[in-house]
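Undergrad: The structure file query.pdb (PDB, C-alpha atoms) is provided below.
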```pdb
MODEL        1
ATOM      1  CA  MET C  14      27.829  -3.268   2.611
ATOM      2  CA  ALA C  15      24.954  -1.619   0.696
ATOM      3  CA  GLU C  16      23.488   0.812   3.157
ATOM      4  CA  ARG C  17      20.587   3.004   2.264
ATOM      5  CA  ALA C  18      19.496   6.115   4.121
ATOM      6  CA  ILE C  19      15.718   6.314   4.435
ATOM      7  CA  ALA C  20      14.188   9.606   5.544
ATOM      8  CA  GLY C  21      12.752   9.171   9.017
ATOM      9  CA  LEU C  22      14.080   5.615   9.406
ATOM     10  CA  GLY C  23      17.827   6.067   9.396
ATOM     11  CA  THR C  24      20.337   3.910   7.546
ATOM     12  CA  LEU C  25      19.419   0.347   6.603
ATOM     13  CA  ASP C  26      21.842  -2.406   5.564
ATOM     14  CA  MET C  27      19.985  -3.594   2.461
ATOM     15  CA  GLU C  28      22.256  -6.602   1.840
ATOM     16  CA  ARG C  29      21.661  -7.906   5.362
ATOM     17  CA  LEU C  30      17.901  -7.315   5.049
ATOM     18  CA  ARG C  31      17.810  -9.041   1.652
ATOM     19  CA  ALA C  32      19.745 -12.047   3.020
ATOM     20  CA  GLY C  33      17.344 -12.343   5.956
ATOM     21  CA  LEU C  34      14.302 -12.234   3.683
ATOM     22  CA  ASP C  35      15.869 -14.752   1.271
ATOM     23  CA  ALA C  36      16.565 -17.171   4.132
ATOM     24  CA  TRP C  37      13.026 -16.744   5.483
ATOM     25  CA  GLN C  38      11.504 -17.277   2.037
ATOM     26  CA  ALA C  39      13.507 -20.465   1.500
ATOM     27  CA  ASN C  40      12.487 -21.865   4.893
ATOM     28  CA  ALA C  41       8.854 -20.812   4.537
ATOM     29  CA  ALA C  42       8.393 -21.878   0.901
ATOM     30  CA  GLU C  43       6.180 -24.884   1.600
ATOM     31  CA  PRO C  44       3.718 -23.256   4.028
ATOM     32  CA  LEU C  45       3.641 -20.136   1.816
ATOM     33  CA  ALA C  46       2.746 -22.276  -1.218
ATOM     34  CA  ARG C  47      -0.104 -23.829   0.800
ATOM     35  CA  HIS C  48      -1.191 -20.371   2.090
ATOM     36  CA  GLU C  49      -0.595 -21.529   5.653
ATOM     37  CA  TRP C  50       0.228 -18.072   6.938
ATOM     38  CA  THR C  51       0.835 -18.745  10.629
ATOM     39  CA  PRO C  52       3.604 -21.330  10.211
ATOM     40  CA  ALA C  53       5.031 -19.423   7.242
ATOM     41  CA  TYR C  54       5.490 -16.256   9.290
ATOM     42  CA  LEU C  55       6.803 -17.761  12.529
ATOM     43  CA  ARG C  56      10.380 -16.787  11.637
ATOM     44  CA  TYR C  57       9.692 -13.756   9.458
ATOM     45  CA  PRO C  58      12.555 -11.239   9.915
ATOM     46  CA  LEU C  59      10.734  -8.207  11.277
ATOM     47  CA  LEU C  60      12.240  -4.754  10.996
ATOM     48  CA  ASP C  61      12.733  -3.128  14.384
ATOM     49  CA  PHE C  62      11.831   0.549  14.477
ATOM     50  CA  ARG C  63      11.059   0.748  18.206
ATOM     51  CA  GLU C  64      13.872   3.248  18.728
ATOM     52  CA  THR C  65      13.055   5.268  15.609
ATOM     53  CA  PRO C  66      10.747   8.240  15.999
ATOM     54  CA  PRO C  67       7.927   8.204  13.454
ATOM     55  CA  PRO C  68       8.471  10.522  10.502
ATOM     56  CA  TRP C  69       6.246  13.570  10.631
ATOM     57  CA  THR C  70       5.243  16.128   8.072
ATOM     58  CA  ALA C  71       3.015  18.990   9.128
ATOM     59  CA  PRO C  72      -0.327  19.136   7.317
ATOM     60  CA  PRO C  73      -1.081  21.994   4.963
ATOM     61  CA  ALA C  74      -2.010  25.177   6.795
ATOM     62  CA  ASP C  75      -5.483  25.186   5.268
ATOM     63  CA  LEU C  76      -7.038  21.875   4.249
ATOM     64  CA  ARG C  77      -9.864  23.822   2.603
ATOM     65  CA  ARG C  78      -7.364  24.697  -0.133
ATOM     66  CA  ALA C  79      -5.457  21.401  -0.205
ATOM     67  CA  ARG C  80      -5.585  18.891  -3.044
ATOM     68  CA  VAL C  81      -5.709  15.451  -1.465
ATOM     69  CA  ALA C  82      -4.408  12.186  -2.943
ATOM     70  CA  LEU C  83      -6.117   8.997  -1.772
ATOM     71  CA  ILE C  84      -3.838   5.966  -1.388
ATOM     72  CA  GLY C  85      -5.291   2.637  -0.278
ATOM     73  CA  SER C  86      -4.057  -0.928   0.160
ATOM     74  CA  ALA C  87      -7.316  -2.879  -0.334
ATOM     75  CA  GLY C  88      -6.415  -4.157  -3.809
ATOM     76  CA  LEU C  89      -8.911  -2.107  -5.866
ATOM     77  CA  TYR C  90      -8.566  -1.956  -9.618
ATOM     78  CA  ALA C  91     -10.772  -0.389 -12.283
ATOM     79  CA  ARG C  92     -12.629  -2.188 -15.024
ATOM     80  CA  GLY C  93     -10.172  -2.606 -17.895
ATOM     81  CA  GLN C  94      -7.139  -2.727 -15.591
ATOM     82  CA  SER C  95      -5.433  -5.991 -14.734
ATOM     83  CA  SER C  96      -6.183  -7.532 -11.372
ATOM     84  CA  TYR C  97      -3.526  -8.012  -8.709
ATOM     85  CA  ASP C  98      -1.862 -11.376  -8.245
ATOM     86  CA  ALA C  99      -3.687 -12.074  -4.977
ATOM     87  CA  GLU C 100      -2.774 -15.771  -5.116
ATOM     88  CA  ASN C 101       0.966 -15.083  -5.113
ATOM     89  CA  PRO C 102       2.313 -16.147  -1.697
ATOM     90  CA  LEU C 103       5.046 -13.508  -2.050
ATOM     91  CA  GLY C 104       2.668 -10.643  -2.836
ATOM     92  CA  ASP C 105       2.100  -8.235  -5.703
ATOM     93  CA  TYR C 106       4.228  -5.074  -5.867
ATOM     94  CA  THR C 107       2.201  -3.088  -8.380
ATOM     95  CA  PHE C 108      -0.297  -0.279  -7.996
ATOM     96  CA  ARG C 109      -3.134   1.165 -10.041
ATOM     97  CA  ALA C 110      -3.931   4.812 -10.724
ATOM     98  CA  LEU C 111      -7.701   5.276 -10.594
ATOM     99  CA  PRO C 112      -9.451   8.407 -11.879
ATOM    100  CA  SER C 113     -10.640  10.380  -8.852
ATOM    101  CA  GLY C 114     -14.020  10.955 -10.502
ATOM    102  CA  MET C 115     -14.695   7.288 -11.225
ATOM    103  CA  ASP C 116     -17.681   5.312 -10.001
ATOM    104  CA  LEU C 117     -16.417   2.910  -7.338
ATOM    105  CA  ARG C 118     -18.988   0.352  -8.475
ATOM    106  CA  GLU C 119     -16.738  -0.033 -11.540
ATOM    107  CA  THR C 120     -13.917  -1.477  -9.426
ATOM    108  CA  GLY C 121     -12.931  -4.981  -8.428
ATOM    109  CA  ILE C 122     -11.048  -6.151  -5.356
ATOM    110  CA  ALA C 123      -8.131  -8.567  -5.524
ATOM    111  CA  HIS C 124      -6.688  -9.076  -2.043
ATOM    112  CA  ASP C 125      -6.898 -12.362  -0.139
ATOM    113  CA  HIS C 126      -5.396 -11.154   3.136
ATOM    114  CA  PHE C 127      -8.319  -9.357   4.777
ATOM    115  CA  ASP C 128     -12.047  -9.935   5.174
ATOM    116  CA  SER C 129     -13.413  -7.952   2.237
ATOM    117  CA  THR C 130     -17.108  -8.476   3.033
ATOM    118  CA  ALA C 131     -17.776  -4.829   3.944
ATOM    119  CA  ALA C 132     -15.598  -3.571   1.088
ATOM    120  CA  ARG C 133     -17.528  -5.621  -1.452
ATOM    121  CA  GLU C 134     -20.775  -4.025  -0.215
ATOM    122  CA  ASP C 135     -19.365  -0.482  -0.116
ATOM    123  CA  ARG C 136     -15.891   0.278  -1.484
ATOM    124  CA  ASN C 137     -15.806   3.429   0.661
ATOM    125  CA  ALA C 138     -15.240   1.166   3.685
ATOM    126  CA  VAL C 139     -11.661   0.669   2.462
ATOM    127  CA  PHE C 140     -11.258   3.360  -0.205
ATOM    128  CA  PRO C 141     -13.296   6.455   0.778
ATOM    129  CA  LEU C 142     -13.143   8.201  -2.577
ATOM    130  CA  GLU C 143     -16.828   9.193  -2.556
ATOM    131  CA  ARG C 144     -16.502  10.558   1.003
ATOM    132  CA  LEU C 145     -13.525  12.685  -0.088
ATOM    133  CA  ARG C 146     -15.502  14.005  -3.071
ATOM    134  CA  GLU C 147     -18.269  14.986  -0.622
ATOM    135  CA  LEU C 148     -15.720  16.813   1.549
ATOM    136  CA  ALA C 149     -14.469  18.661  -1.531
ATOM    137  CA  GLU C 150     -18.026  19.607  -2.535
ATOM    138  CA  ALA C 151     -18.659  20.880   1.009
ATOM    139  CA  GLY C 152     -15.478  22.985   0.889
ATOM    140  CA  GLU C 153     -13.793  21.040   3.711
ATOM    141  CA  ILE C 154     -10.880  20.131   1.426
ATOM    142  CA  GLY C 155      -9.723  21.950  -1.677
ATOM    143  CA  GLY C 156     -10.256  18.991  -3.972
ATOM    144  CA  LEU C 157      -8.739  15.742  -5.112
ATOM    145  CA  THR C 158      -5.762  15.003  -7.279
ATOM    146  CA  PRO C 159      -6.645  13.643 -10.747
ATOM    147  CA  HIS C 160      -5.905  10.099  -9.574
ATOM    148  CA  ALA C 161      -6.347   7.983  -6.487
ATOM    149  CA  PHE C 162      -3.884   5.131  -6.012
ATOM    150  CA  ALA C 163      -4.560   1.550  -5.013
ATOM    151  CA  PHE C 164      -2.437  -1.504  -4.341
ATOM    152  CA  MET C 165      -2.671  -4.881  -2.674
ATOM    153  CA  GLY C 166      -1.229  -4.426   0.793
ATOM    154  CA  TYR C 167       0.167  -7.921   1.179
ATOM    155  CA  GLN C 168       3.807  -7.219   0.320
ATOM    156  CA  PRO C 169       6.116  -9.113   2.669
ATOM    157  CA  ASN C 170       9.399  -8.234   0.938
ATOM    158  CA  TYR C 171      10.256  -4.878   2.480
ATOM    159  CA  VAL C 172      13.467  -4.642   0.437
ATOM    160  CA  THR C 173      11.355  -4.596  -2.737
ATOM    161  CA  LEU C 174       9.094  -2.029  -1.059
ATOM    162  CA  ILE C 175      12.017   0.228  -0.183
ATOM    163  CA  GLU C 176      13.941  -0.131  -3.422
ATOM    164  CA  ARG C 177      11.174  -0.223  -6.025
ATOM    165  CA  PHE C 178       7.528  -0.071  -4.950
ATOM    166  CA  ILE C 179       7.559   3.004  -2.710
ATOM    167  CA  PRO C 180       9.707   5.128  -5.065
ATOM    168  CA  ASP C 181       7.504   4.187  -8.051
ATOM    169  CA  LEU C 182       4.286   4.908  -6.134
ATOM    170  CA  LEU C 183       5.653   8.207  -4.815
ATOM    171  CA  ASP C 184       6.670   9.292  -8.322
ATOM    172  CA  ALA C 185       3.134   8.616  -9.583
ATOM    173  CA  VAL C 186       1.471  10.350  -6.634
ATOM    174  CA  MET C 187       3.776  13.367  -6.799
ATOM    175  CA  ALA C 188       3.117  13.776 -10.536
ATOM    176  CA  ASP C 189      -0.450  14.732  -9.496
ATOM    177  CA  ARG C 190       0.970  17.465  -7.212
ATOM    178  CA  PRO C 191      -0.961  16.767  -3.997
ATOM    179  CA  ASP C 192      -0.849  19.041  -0.962
ATOM    180  CA  ALA C 193      -1.777  16.141   1.330
ATOM    181  CA  ALA C 194      -2.353  12.401   1.129
ATOM    182  CA  MET C 195      -4.844  10.174   2.880
ATOM    183  CA  LEU C 196      -3.431   6.705   3.457
ATOM    184  CA  VAL C 197      -6.006   3.952   4.018
ATOM    185  CA  PRO C 198      -4.441   0.638   5.044
ATOM    186  CA  VAL C 199      -6.420  -2.579   5.436
TER
ENDMDL
END
```
How would this structure read if it were set down as structure tokens?
TA:
Amino acid sequence: MAERAIAGLGTLDMERLRAGLDAWQANAAEPLARHEWTPAYLRYPLLDFRETPPPWTAPPADLRRARVALIGSAGLYARGQSSYDAENPLGDYTFRALPSGMDLRETGIAHDHFDSTAAREDRNAVFPLERLRELAEAGEIGGLTPHAFAFMGYQPNYVTLIERFIPDLLDAVMADRPDAAMLVPV
């Protein structure tokens, strides 16, 4: 049995989780291919964390000195970067590092699993980079890390999330040495 201890979540049996996801994927292949989400997810093997207390990390003592990393799941990517595979019925498990000083008008959105109307008009609706820069200029936060991080939040394979995506994203975020992170899910 391949168990994995996850901080704040306890020990997970990764082989059992992988088998459950594989069985679901095989049974849901046809509706997934047609992007018929409701029938595809009727038997999705949800993780049950009802008995698990949420992990908690205290914020920095003084946010006015904290460097903040922005992390968002709206599928933003910068001009010159590859788009996400938004058409893939099994998701896209990659992320993009975006310069924190970039102009958000130079970004695209590739995410087919939320109504992106507001985000297309103003990226700050889903990725408030400009609002964070304003907070830094006003002295409310210490500043931003060199990069903000974006990914497409439709990622139904939580084994891939646990084993690869989250560790890779955390390594990239931590390389920028943040004091705090702002997570913006869509």
Undergrad: Tell me which protein, DNA and RNA residues are within 12 Å of Leu25 of chain C, counting all atoms listed in the file, leaving out same-chain ones fewer than 2 positions away, and put them as a list in words.
TA: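 That gives Met14, Ala15, Glu16, Arg17, Ala18, Ile19, Ala20, Gly21, Leu22, Gly23, Met27, Glu28, Arg29, Leu30, Arg31, Leu60, Asp61, Phe62, Tyr171, Val172, Ile175 and Glu176 of chain C.
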Undergrad: Between C:Phe162, C:Leu145, C:Arg133, C:Gly93, which is the closest to Leu183 of chain C once you count all atoms listed in the file?
TA: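 Checking each candidate against Leu183 of chain C, we get C:Phe162 as the closest.
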Undergrad: Select, from C:Leu174, C:Met195, C:Ile154, C:Ala185, the residue with the minimum atom-to-atom distance to Ala79 of chain C, counting all atoms listed in the file.
TA: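 The closest residue to Ala79 of chain C is C:Ile154.
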Undergrad: From the list C:Ser95, C:Thr65, C:Ser113, C:Thr51, which residue is nearest Leu157 of chain C when using only C-alpha atoms?
TA: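 Selected residue with least distance to Leu157 of chain C: C:Ser113.
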Undergrad: Between atom CA of Arg109 of chain C and atom CA of Ala163 of chain C, what is the distance, to one decimal in Å?
TA: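 Here the two named atoms are 5.2 Å from each other.
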Undergrad: Kindly indicate which residue among C:Ala36, C:Met115, C:Val199, C:Leu76 lies nearest to Gly88 of chain C, using only C-alpha atoms for the distances.
TA: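 Of all the options, C:Val199 lies closest to Gly88 of chain C.
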Undergrad: Can you tell me how far atom CA of Asp184 of chain C sits from atom CA of Thr70 of chain C, in Å to one decimal?
TA: 17.8 Å
Undergrad: Which is closest to Ala99 of chain C among C:Leu83, C:Met165, C:Ala149, C:Ala41, if we use all atoms listed in the file?
TA: C:Met165
Undergrad: Report, in Å to a single decimal, how far apart atom CA of Gly166 of chain C and atom CA of Leu182 of chain C are.
TA: 12.9 Å
Undergrad: Pick out the closest residue to Ala53 of chain C from this set: C:Asp75, C:Leu148, C:Pro102, C:Ala82. Count only C-alpha atoms.
TA: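 Closest residue, counting only C-alpha atoms: C:Pro102.
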Undergrad: Residue by residue, what does the PyMOL selection byres ((chain C and resi 97) around 12) grab here? Present the result as a ChimeraX atom specification.
TA: /C:86-91,94-96,98-101,104-109,121-125,163-168
Undergrad: Compute the distance from (-5.7, 8.3, -10.4) to each atom, counting all atoms listed in the file, keep the residues with any atom at most 6 Å away, and return them as a short mmCIF file (atom, residue, chain, number, x, y, z; two decimals) with C-alpha atoms, keeping the file's coordinate frame; use the coordinates of the file.
TA:
```cif
data_model
loop_
_atom_site.label_atom_id
_atom_site.label_comp_id
_atom_site.auth_asym_id
_atom_site.auth_seq_id
_atom_site.Cartn_x
_atom_site.Cartn_y
_atom_site.Cartn_z
CA ALA C 110 -3.93 4.81 -10.72
CA LEU C 111 -7.70 5.28 -10.59
CA PRO C 112 -9.45 8.41 -11.88
CA SER C 113 -10.64 10.38 -8.85
CA PRO C 159 -6.64 13.64 -10.75
CA HIS C 160 -5.90 10.10 -9.57
CA ALA C 161 -6.35 7.98 -6.49
CA PHE C 162 -3.88 5.13 -6.01
#
```
Undergrad: If we count all atoms listed in the file, what is near Asp135 of chain C at a cut-off of 12 Å, once residues fewer than 2 positions away on the same chain are taken out, given as a PyMOL selection string?
TA: chain C and resi 116-122+129-133+137-144
Undergrad: Could you state which residues are captured by the PyMOL selection byres ((chain C and resi 192) around 6) in this file, as a list in words?
TA: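 What the PyMOL selection byres ((chain C and resi 192) around 6) grabs from the file is Ala79, Arg80, Pro191 and Ala193 of chain C.
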